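Contents: one structure, followed by commentary.
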Amino acid sequence: LTNFVSTDIAAVPLLWIIPLTLYLFSFVLVFSRWAKPIHRVSVFLQPIVLLPFIAYSFINPAILPYWLDLTLHLTAFFLAVMVCHGELAKSRPHTAYLTLFYLIMSFAGMLGGMFNTFVAPFIFNGIYEYPLMIVAALLLRPAIQKQGSEQWKSWGMQAIFPILIFALGWGIYFAVSDLGAYMDNIGTALILFSGLTYAFRKQAISLALLTGVIIFFIVGLRVYMSNTIYKERTFFGVLSVRDSVLLNEQGRPEKYKELFHGTTKHGAQR
């Protein structure tokens with residue numbers, strides 16, 4: 001989240017303090033005496049916030065002022081960690097095993113930080129670990145547990161609809177020669193599918209996979225429409241080169257190559 005908001009929303013110094021504060025504050029809440037009602041509220045609110053979060057922060061972020069876009073990301077992040085940490089707190093063992101429990105929890109947090117710092121920049125050319133973690137957090141929502149083969153059958157049934165939407169999206173991609181002409185229709189369809197996520201709020205697999213499919217197509221469409229010819233990720237962020245048509249000194253359209261850092265354009269050349 002910190003990498004995403006600091007390069008694609010606002011390059012504000014010390015912006016990383018806000019997500020870190022929310023992350024640590026969630027532990028205070030889920031291990032407090034009010035943990036149970038707070039967890040119920042977090043589980044209830046998460047799918048409600050998910051709709052505007054996907055619709056505005058991913059599908060059409062340009063229409064929002066940066067502070068509102070940032071607020072949506074932080075709210076969705078806070079609810080996600082509240083739900084996940086709430087489930088973690090519910091699984092807290094007997095006091096005899098608490099030391100090991102907290103040690104494993106801290107070690108897992110360290111592994112997550114190491115992945116974002118040392119692994120993700122080398123295997124991704126964008127901030128793709130962020131949407132992946134959104135999907136992973138939704139997979140960890142509380143759900144009705146069944147026994148044995150019934151559980152596998154339930155998971156399989158929950159995956160059917162997202163898989164069908166995924167197949168439909170690929171079918172449209174290969175069948176339509178000019179997707180750019182239908183971007184308004186595609187955006188509307190993605191927003192409608194985002195609304196459907198609320199219907200699957202009690203089915204963690206369906207909710208997570210459908211959200212993942214929607215974000216996958218959003219990211220893919222952005223790459224498709226941006227005419228990106230080169231993209232790499234470094235310690236300082238994501239750099240990309242895009243083909244574009246701009247007006248030259250005589251006011252005539254001319255092909256240029258533009259350099260972007262995140263969503264910030266740093267220049268163009270013929």
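Here's how to read the names in the structure tokens: chain A, B, ... by the order shown, residue numbers from 1 in each chain, ligand numbers from 1 in the order shown.
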
Practice prompt. List every residue of segment 82-203 of chain A that DSSP, applied to the backbone of this structure, places in alpha helix (DSSP H), and write the result as a PyMOL selection string.
Written response: chain A and resi 82-90+98-114+120-123+129-139+149-175+183-196

Fill in: Test item: residues at most 10 Å from segment 175-181 of chain A, only C-alpha atoms, excluding those fewer than 4 positions along its chain, as an MDAnalysis selection string
chainID A and resid 169:171 185:186 221 224:225

Practice prompt. Quote the spacing between atom CA of Leu88 of chain A and atom CA of Ile215 of chain A in Å to one decimal place.
Written response: 26.2 Å

Practice prompt. Just the residues within 10 Å of Thr234 of chain A, please, counting only C-alpha atoms, with nothing from its chain fewer than 3 positions along; format it as a list in words.
Written response: Pro121, Phe122, Phe124, Asn125, Gly126, Gly237, Val238 and Leu239 of chain A

Selection to disk with C-alpha atoms, as a CSV table (one decimal), in the first residue's frame:
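The new file out25.csv reads:
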```csv
chain,number,residue,atom,x,y,z
A,121,PRO,CA,10.8,-5.5,-7.0
A,122,PHE,CA,12.7,-8.3,-8.8
A,124,PHE,CA,7.2,-7.7,-10.7
A,125,ASN,CA,7.6,-4.7,-12.9
A,126,GLY,CA,4.7,-2.9,-11.2
A,237,GLY,CA,9.5,3.1,-8.0
A,238,VAL,CA,8.0,2.0,-11.3
A,239,LEU,CA,9.4,3.6,-14.5
```

Fill in: Test item: residues at most 12 Å from Tyr128 of chain A, only C-alpha atoms, excluding those fewer than 2 positions along its chain, as a ChimeraX atom specification
/A:1,3-4,116,119-126,130-135,212,215-216,219-220,233,238

Item to complete: Give the strand (DSSP E) residues of segment 3-240 of chain A, as assigned by DSSP on the backbone, as a VMD selection string.
Response: chain A and resid 228 to 234 237 to 240

Those same residues - N, CA and C atoms - I'd like them written as a JSON list (two decimals), in the first residue's frame.
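Full text of again11.json as output:
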```
[["chain", "number", "residue", "atom", "x", "y", "z"],
["A", 228, "THR", "N", 2.18, 1.18, -23.34],
["A", 228, "THR", "CA", 3.49, 1.04, -22.70],
["A", 228, "THR", "C", 4.39, 0.13, -23.52],
["A", 229, "ILE", "N", 5.58, 0.61, -23.84],
["A", 229, "ILE", "CA", 6.53, -0.19, -24.61],
["A", 229, "ILE", "C", 7.67, -0.72, -23.75],
["A", 230, "TYR", "N", 7.85, -0.13, -22.57],
["A", 230, "TYR", "CA", 8.89, -0.61, -21.66],
["A", 230, "TYR", "C", 8.49, -0.24, -20.24],
["A", 231, "LYS", "N", 8.76, -1.17, -19.32],
["A", 231, "LYS", "CA", 8.39, -0.92, -17.93],
["A", 231, "LYS", "C", 9.34, -1.68, -17.02],
["A", 232, "GLU", "N", 9.81, -1.02, -16.00],
["A", 232, "GLU", "CA", 10.67, -1.70, -15.03],
["A", 232, "GLU", "C", 10.44, -1.10, -13.65],
["A", 233, "ARG", "N", 10.76, -1.89, -12.65],
["A", 233, "ARG", "CA", 10.60, -1.45, -11.27],
["A", 233, "ARG", "C", 11.96, -1.40, -10.60],
["A", 234, "THR", "N", 12.23, -0.31, -9.95],
["A", 234, "THR", "CA", 13.49, -0.14, -9.24],
["A", 234, "THR", "C", 13.19, 0.17, -7.77],
["A", 237, "GLY", "N", 10.83, 3.12, -7.50],
["A", 237, "GLY", "CA", 9.47, 3.06, -8.01],
["A", 237, "GLY", "C", 9.40, 2.40, -9.37],
["A", 238, "VAL", "N", 8.27, 2.61, -10.05],
["A", 238, "VAL", "CA", 8.01, 1.99, -11.35],
["A", 238, "VAL", "C", 8.24, 3.03, -12.45],
["A", 239, "LEU", "N", 9.14, 2.70, -13.37],
["A", 239, "LEU", "CA", 9.43, 3.56, -14.51],
["A", 239, "LEU", "C", 8.87, 2.91, -15.77],
["A", 240, "SER", "N", 8.24, 3.71, -16.61],
["A", 240, "SER", "CA", 7.67, 3.17, -17.85],
["A", 240, "SER", "C", 7.85, 4.17, -18.98]]
```

Item to complete: Excluding Ile214 of chain A and any residue of its chain fewer than 6 positions from it, enumerate the residues within 8 Å of it, using only C-alpha atoms, and give them as a list in words.
Response: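 Everything that qualifies: Leu190, Phe193 and Ser194 of chain A.
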
Worksheet item: Hey, what's within 12 Å of Leu247 of chain A if we count only C-alpha atoms and toss same-chain stuff fewer than 6 positions away? As a list in words, please?
Response: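 What passes the distance filter is Pro253, Glu254, Lys255, Tyr256, Ala268, Gln269 and Arg270 of chain A.
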
Item to complete: Tell me which protein, DNA and RNA residues are within 12 Å of Leu20 of chain A, counting only C-alpha atoms, leaving out same-chain ones fewer than 6 positions away, and put them as a ChimeraX atom specification.
Response: /A:1-2,14,26-27,74,77-78,81,113

Worksheet item: Any idea what the distance is between atom CA of Ser244 of chain A and atom CA of Asp184 of chain A?
Response: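 Going from atom CA of Ser244 of chain A over to atom CA of Asp184 of chain A, I get 20.7 Å.
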
Discussion item. Would you compute the distance between atom CA of Val241 of chain A and atom CA of Leu259 of chain A? Give it in Å to one decimal.
Written reply: 4.8 Å
